[in-house]
Amino acid sequence: MGKQEKLLIQILRGTSDANIPFDGLCTLLKYTGFEERIKGSHHIFTMDGVEEILNLQPKGGKSKPYQVKQVRNLILKYKLGEQRDE
């Protein structure tokens, strides 16, 4: 099990939203197919087929807990954590 899978499990578990590293969250979103755009401290993630736009900002190297919850809800809603054929 790689880093991305471990982080995904940690996010889906929802027990430590305040301890998710921001860089790890960004990498996970790119791994699941999101495209990243950076404007200042804002990291904006979009994906074809996903209505919502994620606008994330770091807080001391960690992700903000409410933003981790937004990511978790999108992963569950669109089933983004499933294995992809590449």
# chains A, B, ... in the order shown; residues from 1 in each chain; ligands from 1
>>> residues_around(residues="Glu51 of chain A", least_positions_apart="4", cutoff="10 Å", atoms="only C-alpha atoms", output="list in words")
Thr46, Met47 and Leu74 of chain A
>>> atom_distance(atom1="atom CA of Glu82 of chain A", atom2="atom CA of Leu28 of chain A")
12.5 Å
>>> residues_around(residues="Gln70 of chain A", least_positions_apart="3", cutoff="10 Å", atoms="only C-alpha atoms", output="ChimeraX atom specification")
/A:52,54-56,65-67,73-75
>>> closest_residue(among="A:Ile44, A:Tyr78, A:Ile20, A:Thr32", to="Gly61 of chain A", atoms="only C-alpha atoms")
A:Ile20
>>> residues_around(residues="Glu36 of chain A", least_positions_apart="4", cutoff="9 Å", atoms="only C-alpha atoms", output="JSON, numbers by chain")
{"A": [26, 29, 30, 43, 44, 45, 46]}
>>> write_last_selection(atoms="C-alpha atoms", output="compact mmCIF listing (two decimals), in the first residue's frame")
# COMPACT_ATOMS: atom_id res chain seq x y z
CA CYS A 26 -2.78 18.19 -3.00
CA LEU A 29 -6.18 15.11 -5.45
CA LYS A 30 -3.85 15.14 -8.47
CA HIS A 43 -4.76 25.85 -4.72
CA ILE A 44 -7.80 25.41 -6.95
CA PHE A 45 -8.72 21.90 -8.06
CA THR A 46 -11.12 21.04 -10.87
>>> residues_around(residues="Asp17 of chain A", least_positions_apart="6", cutoff="12 Å", atoms="only C-alpha atoms", output="list in words")
Leu7, Leu8, Ile9, Gln10, Ile11, Leu25, Lys62, Ser63, Lys64, Pro65, Tyr66, Gln67, Val68, Lys69, Gln70, Val71 and Arg72 of chain A
>>> write_last_selection(atoms="all heavy atoms", output="CSV table (one decimal), in the first residue's frame")
chain,number,residue,atom,x,y,z
A,7,LEU,N,-3.0,7.7,2.8
A,7,LEU,CA,-3.6,9.0,3.1
A,7,LEU,C,-5.1,9.0,2.8
A,7,LEU,O,-5.9,9.6,3.5
A,7,LEU,CB,-2.9,10.1,2.3
A,7,LEU,CG,-3.4,11.6,2.5
A,7,LEU,CD1,-3.1,11.9,4.0
A,7,LEU,CD2,-2.6,12.5,1.6
A,8,LEU,N,-5.5,8.4,1.7
A,8,LEU,CA,-6.9,8.2,1.4
A,8,LEU,C,-7.7,7.6,2.5
A,8,LEU,O,-8.7,8.0,2.9
A,8,LEU,CB,-7.0,7.5,0.0
A,8,LEU,CG,-8.5,7.3,-0.4
A,8,LEU,CD1,-9.2,8.6,-0.7
A,8,LEU,CD2,-8.5,6.4,-1.7
A,9,ILE,N,-7.1,6.5,3.0
A,9,ILE,CA,-7.8,5.8,4.1
A,9,ILE,C,-7.9,6.7,5.3
A,9,ILE,O,-9.0,6.7,6.0
A,9,ILE,CB,-7.0,4.5,4.4
A,9,ILE,CG1,-7.2,3.5,3.3
A,9,ILE,CG2,-7.5,3.9,5.8
A,9,ILE,CD1,-6.3,2.3,3.4
A,10,GLN,N,-6.9,7.4,5.6
A,10,GLN,CA,-6.9,8.4,6.8
A,10,GLN,C,-8.0,9.4,6.6
A,10,GLN,O,-8.7,9.8,7.5
A,10,GLN,CB,-5.5,9.0,6.9
A,10,GLN,CG,-5.4,9.9,8.2
A,10,GLN,CD,-4.0,10.5,8.3
A,10,GLN,OE1,-3.1,10.3,7.4
A,10,GLN,NE2,-3.7,11.2,9.4
A,11,ILE,N,-8.1,10.0,5.4
A,11,ILE,CA,-9.1,11.0,5.1
A,11,ILE,C,-10.5,10.4,5.2
A,11,ILE,O,-11.4,11.0,5.8
A,11,ILE,CB,-8.9,11.6,3.7
A,11,ILE,CG1,-7.6,12.5,3.7
A,11,ILE,CG2,-10.1,12.4,3.3
A,11,ILE,CD1,-7.1,12.9,2.4
A,25,LEU,N,-2.4,16.2,0.7
A,25,LEU,CA,-3.7,16.3,0.2
A,25,LEU,C,-3.7,16.8,-1.3
A,25,LEU,O,-4.5,16.2,-2.1
A,25,LEU,CB,-4.5,17.3,1.1
A,25,LEU,CG,-6.0,17.5,0.7
A,25,LEU,CD1,-6.8,16.2,0.9
A,25,LEU,CD2,-6.6,18.6,1.6
A,62,LYS,N,-0.4,22.2,7.3
A,62,LYS,CA,-1.5,21.2,7.4
A,62,LYS,C,-2.7,21.7,6.6
A,62,LYS,O,-2.8,22.9,6.2
A,62,LYS,CB,-1.9,21.0,8.9
A,62,LYS,CG,-0.8,20.5,9.8
A,62,LYS,CD,-0.6,19.1,9.6
A,62,LYS,CE,0.4,18.6,10.6
A,62,LYS,NZ,0.7,17.2,10.4
A,63,SER,N,-3.6,20.8,6.3
A,63,SER,CA,-4.8,21.2,5.7
A,63,SER,C,-5.8,21.6,6.7
A,63,SER,O,-5.8,21.2,7.9
A,63,SER,CB,-5.4,19.9,5.0
A,63,SER,OG,-4.5,19.5,4.0
A,64,LYS,N,-6.7,22.5,6.3
A,64,LYS,CA,-7.7,23.0,7.2
A,64,LYS,C,-8.8,21.9,7.4
A,64,LYS,O,-9.2,21.3,6.3
A,64,LYS,CB,-8.4,24.3,6.7
A,64,LYS,CG,-7.4,25.4,6.7
A,64,LYS,CD,-8.1,26.7,6.1
A,64,LYS,CE,-7.1,27.8,6.1
A,64,LYS,NZ,-7.7,29.0,5.5
A,65,PRO,N,-9.2,21.5,8.6
A,65,PRO,CA,-10.1,20.4,8.8
A,65,PRO,C,-11.4,20.5,8.0
A,65,PRO,O,-11.8,19.5,7.4
A,65,PRO,CB,-10.4,20.5,10.3
A,65,PRO,CG,-9.3,21.1,10.9
A,65,PRO,CD,-8.8,22.1,9.9
A,66,TYR,N,-12.0,21.7,7.8
A,66,TYR,CA,-13.2,21.8,7.0
A,66,TYR,C,-13.0,21.5,5.6
A,66,TYR,O,-13.9,21.0,4.9
A,66,TYR,CB,-13.9,23.1,7.2
A,66,TYR,CG,-13.4,24.3,6.4
A,66,TYR,CD1,-13.9,24.6,5.2
A,66,TYR,CD2,-12.3,25.1,6.9
A,66,TYR,CE1,-13.4,25.7,4.5
A,66,TYR,CE2,-11.8,26.1,6.2
A,66,TYR,CZ,-12.4,26.4,5.0
A,66,TYR,OH,-11.9,27.5,4.3
A,67,GLN,N,-11.8,21.8,5.1
A,67,GLN,CA,-11.5,21.5,3.7
A,67,GLN,C,-11.2,20.0,3.5
A,67,GLN,O,-11.6,19.5,2.4
A,67,GLN,CB,-10.3,22.3,3.2
A,67,GLN,CG,-10.6,23.8,3.2
A,67,GLN,CD,-9.4,24.7,2.9
A,67,GLN,OE1,-8.3,24.3,3.0
A,67,GLN,NE2,-9.7,25.9,2.5
A,68,VAL,N,-10.6,19.4,4.5
A,68,VAL,CA,-10.5,17.9,4.4
A,68,VAL,C,-11.9,17.2,4.3
A,68,VAL,O,-12.1,16.3,3.6
A,68,VAL,CB,-9.7,17.4,5.6
A,68,VAL,CG1,-9.6,15.8,5.6
A,68,VAL,CG2,-8.3,17.9,5.6
A,69,LYS,N,-12.8,17.8,5.1
A,69,LYS,CA,-14.2,17.2,5.0
A,69,LYS,C,-14.8,17.4,3.7
A,69,LYS,O,-15.5,16.5,3.1
A,69,LYS,CB,-15.0,17.9,6.1
A,69,LYS,CG,-16.4,17.4,6.2
A,69,LYS,CD,-17.2,18.0,7.4
A,69,LYS,CE,-18.6,17.4,7.4
A,69,LYS,NZ,-19.4,18.0,8.5
A,70,GLN,N,-14.5,18.6,3.0
A,70,GLN,CA,-15.0,18.8,1.7
A,70,GLN,C,-14.5,17.8,0.7
A,70,GLN,O,-15.2,17.2,-0.2
A,70,GLN,CB,-14.7,20.2,1.2
A,70,GLN,CG,-15.4,21.3,1.9
A,70,GLN,CD,-14.9,22.7,1.5
A,70,GLN,OE1,-13.8,22.9,0.9
A,70,GLN,NE2,-15.7,23.7,1.8
A,71,VAL,N,-13.1,17.5,0.8
A,71,VAL,CA,-12.5,16.6,0.0
A,71,VAL,C,-13.1,15.2,0.2
A,71,VAL,O,-13.4,14.5,-0.8
A,71,VAL,CB,-11.0,16.6,0.2
A,71,VAL,CG1,-10.3,15.4,-0.5
A,71,VAL,CG2,-10.3,17.9,-0.3
A,72,ARG,N,-13.3,14.8,1.4
A,72,ARG,CA,-13.8,13.5,1.8
A,72,ARG,C,-15.2,13.3,1.1
A,72,ARG,O,-15.5,12.3,0.5
A,72,ARG,CB,-13.9,13.3,3.3
A,72,ARG,CG,-14.5,12.0,3.7
A,72,ARG,CD,-14.5,11.6,5.2
A,72,ARG,NE,-14.9,12.7,6.0
A,72,ARG,CZ,-14.0,13.4,6.8
A,72,ARG,NH1,-12.7,13.2,6.7
A,72,ARG,NH2,-14.4,14.4,7.5
>>> select_by_dssp(residues="chain A", states="strand (DSSP E)", output="VMD selection string")
chain A and resid 35 to 39 42 to 46 54 to 56 58 to 59 62 to 63
>>> write_last_selection(atoms="C-alpha atoms", output="PDB file, in the first residue's frame")
ATOM      1  CA  GLU A  35      -6.150  19.455 -12.201  1.00  0.00           C
ATOM      2  CA  GLU A  36      -4.450  22.034  -9.984  1.00  0.00           C
ATOM      3  CA  ARG A  37      -4.213  25.768 -10.517  1.00  0.00           C
ATOM      4  CA  ILE A  38      -2.334  27.963  -8.039  1.00  0.00           C
ATOM      5  CA  LYS A  39      -3.156  31.621  -7.450  1.00  0.00           C
ATOM      6  CA  HIS A  42      -5.008  29.273  -3.110  1.00  0.00           C
ATOM      7  CA  HIS A  43      -4.765  25.851  -4.720  1.00  0.00           C
ATOM      8  CA  ILE A  44      -7.797  25.413  -6.954  1.00  0.00           C
ATOM      9  CA  PHE A  45      -8.719  21.901  -8.064  1.00  0.00           C
ATOM     10  CA  THR A  46     -11.123  21.044 -10.872  1.00  0.00           C
ATOM     11  CA  LEU A  54     -12.095  22.833  -4.464  1.00  0.00           C
ATOM     12  CA  ASN A  55     -10.298  25.944  -3.241  1.00  0.00           C
ATOM     13  CA  LEU A  56      -7.720  24.905  -0.625  1.00  0.00           C
ATOM     14  CA  PRO A  58      -2.595  25.584   3.811  1.00  0.00           C
ATOM     15  CA  LYS A  59      -2.514  26.432   7.495  1.00  0.00           C
ATOM     16  CA  LYS A  62      -1.457  21.215   7.385  1.00  0.00           C
ATOM     17  CA  SER A  63      -4.829  21.164   5.674  1.00  0.00           C
TER      18      SER A  63
END
>>> select_by_dssp(residues="segment 26-70 of chain A", states="helix (DSSP H, G or I)", output="number ranges by chain")
A: 26-31, 65-70
>>> write_last_selection(atoms="N, CA and C atoms", output="PDB file, in the first residue's frame")
ATOM      1  N   CYS A  26      -2.875  17.722  -1.604  1.00  0.00           N
ATOM      2  CA  CYS A  26      -2.778  18.187  -2.997  1.00  0.00           C
ATOM      3  C   CYS A  26      -2.331  17.053  -3.914  1.00  0.00           C
ATOM      4  N   THR A  27      -1.339  16.297  -3.480  1.00  0.00           N
ATOM      5  CA  THR A  27      -0.842  15.173  -4.278  1.00  0.00           C
ATOM      6  C   THR A  27      -1.929  14.128  -4.469  1.00  0.00           C
ATOM      7  N   LEU A  28      -2.692  13.858  -3.418  1.00  0.00           N
ATOM      8  CA  LEU A  28      -3.781  12.883  -3.509  1.00  0.00           C
ATOM      9  C   LEU A  28      -4.833  13.328  -4.521  1.00  0.00           C
ATOM     10  N   LEU A  29      -5.178  14.609  -4.494  1.00  0.00           N
ATOM     11  CA  LEU A  29      -6.182  15.109  -5.447  1.00  0.00           C
ATOM     12  C   LEU A  29      -5.682  14.981  -6.882  1.00  0.00           C
ATOM     13  N   LYS A  30      -4.406  15.292  -7.115  1.00  0.00           N
ATOM     14  CA  LYS A  30      -3.848  15.140  -8.465  1.00  0.00           C
ATOM     15  C   LYS A  30      -3.822  13.662  -8.854  1.00  0.00           C
ATOM     16  N   TYR A  31      -3.534  12.789  -7.896  1.00  0.00           N
ATOM     17  CA  TYR A  31      -3.499  11.340  -8.122  1.00  0.00           C
ATOM     18  C   TYR A  31      -4.876  10.814  -8.536  1.00  0.00           C
ATOM     19  N   PRO A  65      -9.202  21.548   8.588  1.00  0.00           N
ATOM     20  CA  PRO A  65     -10.124  20.412   8.787  1.00  0.00           C
ATOM     21  C   PRO A  65     -11.408  20.492   7.957  1.00  0.00           C
ATOM     22  N   TYR A  66     -12.003  21.682   7.810  1.00  0.00           N
ATOM     23  CA  TYR A  66     -13.243  21.771   7.031  1.00  0.00           C
ATOM     24  C   TYR A  66     -12.991  21.491   5.558  1.00  0.00           C
ATOM     25  N   GLN A  67     -11.778  21.801   5.076  1.00  0.00           N
ATOM     26  CA  GLN A  67     -11.454  21.516   3.678  1.00  0.00           C
ATOM     27  C   GLN A  67     -11.207  20.022   3.465  1.00  0.00           C
ATOM     28  N   VAL A  68     -10.636  19.350   4.465  1.00  0.00           N
ATOM     29  CA  VAL A  68     -10.466  17.892   4.390  1.00  0.00           C
ATOM     30  C   VAL A  68     -11.850  17.238   4.317  1.00  0.00           C
ATOM     31  N   LYS A  69     -12.803  17.772   5.071  1.00  0.00           N
ATOM     32  CA  LYS A  69     -14.168  17.237   5.043  1.00  0.00           C
ATOM     33  C   LYS A  69     -14.786  17.429   3.657  1.00  0.00           C
ATOM     34  N   GLN A  70     -14.540  18.586   3.026  1.00  0.00           N
ATOM     35  CA  GLN A  70     -15.042  18.822   1.665  1.00  0.00           C
ATOM     36  C   GLN A  70     -14.453  17.795   0.699  1.00  0.00           C
TER      37      GLN A  70
END
>>> closest_residue(among="A:Gly40, A:Phe34, A:Asp48, A:Gly81", to="Gln4 of chain A", atoms="only C-alpha atoms")
A:Gly81
>>> atom_distance(atom1="atom CA of Gly33 of chain A", atom2="atom CA of Ile53 of chain A")
13.1 Å
>>> atom_distance(atom1="atom CA of Gln57 of chain A", atom2="atom CA of Ser41 of chain A")
5.9 Å
>>> closest_residue(among="A:Arg13, A:Lys6, A:Gly60, A:Met1", to="Leu76 of chain A", atoms="only C-alpha atoms")
A:Arg13
>>> decode(residues="segment 47-60 of chain A", atoms="all heavy atoms", output="short mmCIF file (atom, residue, chain, number, x, y, z; two decimals), in the first residue's frame")
data_model
loop_
_atom_site.label_atom_id
_atom_site.label_comp_id
_atom_site.auth_asym_id
_atom_site.auth_seq_id
_atom_site.Cartn_x
_atom_site.Cartn_y
_atom_site.Cartn_z
N MET A 47 -12.07 19.12 -11.96
CA MET A 47 -12.03 17.84 -12.67
C MET A 47 -13.25 17.75 -13.57
O MET A 47 -14.36 18.16 -13.16
CB MET A 47 -12.03 16.67 -11.68
CG MET A 47 -12.05 15.30 -12.34
SD MET A 47 -12.43 13.97 -11.18
CE MET A 47 -10.82 13.47 -10.72
N ASP A 48 -13.06 17.24 -14.77
CA ASP A 48 -14.19 17.00 -15.66
C ASP A 48 -15.13 16.01 -15.00
O ASP A 48 -14.70 15.01 -14.44
CB ASP A 48 -13.72 16.44 -17.01
CG ASP A 48 -12.99 17.48 -17.85
OD1 ASP A 48 -13.20 18.69 -17.60
OD2 ASP A 48 -12.21 17.09 -18.73
N GLY A 49 -16.43 16.30 -15.04
CA GLY A 49 -17.42 15.42 -14.46
C GLY A 49 -17.70 15.69 -12.99
O GLY A 49 -18.56 15.05 -12.40
N VAL A 50 -16.97 16.63 -12.38
CA VAL A 50 -17.20 17.01 -10.99
C VAL A 50 -17.66 18.46 -10.97
O VAL A 50 -16.94 19.35 -11.42
CB VAL A 50 -15.91 16.84 -10.14
CG1 VAL A 50 -16.13 17.34 -8.72
CG2 VAL A 50 -15.46 15.37 -10.13
N GLU A 51 -18.86 18.71 -10.47
CA GLU A 51 -19.44 20.06 -10.47
C GLU A 51 -18.67 21.01 -9.57
O GLU A 51 -18.45 22.16 -9.91
CB GLU A 51 -20.89 20.01 -9.97
CG GLU A 51 -21.85 19.33 -10.89
CD GLU A 51 -23.25 19.28 -10.27
OE1 GLU A 51 -23.55 20.10 -9.38
OE2 GLU A 51 -24.03 18.42 -10.68
N GLU A 52 -18.32 20.52 -8.38
CA GLU A 52 -17.71 21.37 -7.37
C GLU A 52 -16.27 21.74 -7.74
O GLU A 52 -15.57 20.98 -8.40
CB GLU A 52 -17.71 20.67 -6.01
CG GLU A 52 -19.09 20.39 -5.46
CD GLU A 52 -19.71 19.09 -5.96
OE1 GLU A 52 -19.14 18.43 -6.84
OE2 GLU A 52 -20.78 18.74 -5.47
N ILE A 53 -15.85 22.89 -7.27
CA ILE A 53 -14.46 23.35 -7.40
C ILE A 53 -13.90 23.42 -5.98
O ILE A 53 -14.51 24.00 -5.09
CB ILE A 53 -14.40 24.73 -8.07
CG1 ILE A 53 -14.92 24.64 -9.50
CG2 ILE A 53 -12.98 25.28 -8.03
CD1 ILE A 53 -15.09 25.99 -10.17
N LEU A 54 -12.75 22.80 -5.78
CA LEU A 54 -12.09 22.83 -4.46
C LEU A 54 -11.11 23.98 -4.43
O LEU A 54 -10.25 24.09 -5.30
CB LEU A 54 -11.36 21.52 -4.19
CG LEU A 54 -12.23 20.30 -3.95
CD1 LEU A 54 -11.39 19.04 -3.96
CD2 LEU A 54 -12.96 20.44 -2.63
N ASN A 55 -11.21 24.82 -3.43
CA ASN A 55 -10.30 25.94 -3.24
C ASN A 55 -9.65 25.74 -1.88
O ASN A 55 -10.27 25.96 -0.84
CB ASN A 55 -11.08 27.26 -3.30
CG ASN A 55 -10.18 28.46 -3.21
OD1 ASN A 55 -8.98 28.36 -2.97
ND2 ASN A 55 -10.76 29.63 -3.39
N LEU A 56 -8.40 25.27 -1.86
CA LEU A 56 -7.72 24.90 -0.63
C LEU A 56 -6.58 25.86 -0.32
O LEU A 56 -5.90 26.34 -1.22
CB LEU A 56 -7.16 23.48 -0.73
CG LEU A 56 -8.13 22.39 -1.19
CD1 LEU A 56 -7.41 21.05 -1.28
CD2 LEU A 56 -9.34 22.30 -0.28
N GLN A 57 -6.38 26.13 0.97
CA GLN A 57 -5.25 26.94 1.43
C GLN A 57 -4.60 26.21 2.61
O GLN A 57 -5.31 25.66 3.45
CB GLN A 57 -5.69 28.33 1.92
CG GLN A 57 -6.48 29.14 0.96
CD GLN A 57 -7.97 28.88 1.10
OE1 GLN A 57 -8.48 28.68 2.17
NE2 GLN A 57 -8.65 28.86 -0.02
N PRO A 58 -3.27 26.24 2.68
CA PRO A 58 -2.59 25.58 3.81
C PRO A 58 -2.70 26.42 5.08
O PRO A 58 -2.92 27.63 5.03
CB PRO A 58 -1.14 25.49 3.35
CG PRO A 58 -0.99 26.62 2.38
CD PRO A 58 -2.32 26.79 1.72
N LYS A 59 -2.56 25.75 6.19
CA LYS A 59 -2.51 26.43 7.49
C LYS A 59 -1.35 25.81 8.26
O LYS A 59 -1.51 24.75 8.88
CB LYS A 59 -3.83 26.25 8.26
CG LYS A 59 -3.85 26.98 9.59
CD LYS A 59 -5.18 26.82 10.26
CE LYS A 59 -5.18 27.58 11.58
NZ LYS A 59 -6.45 27.40 12.28
N GLY A 60 -0.19 26.43 8.14
CA GLY A 60 0.99 25.91 8.83
C GLY A 60 1.44 24.55 8.34
O GLY A 60 1.85 23.71 9.13
#
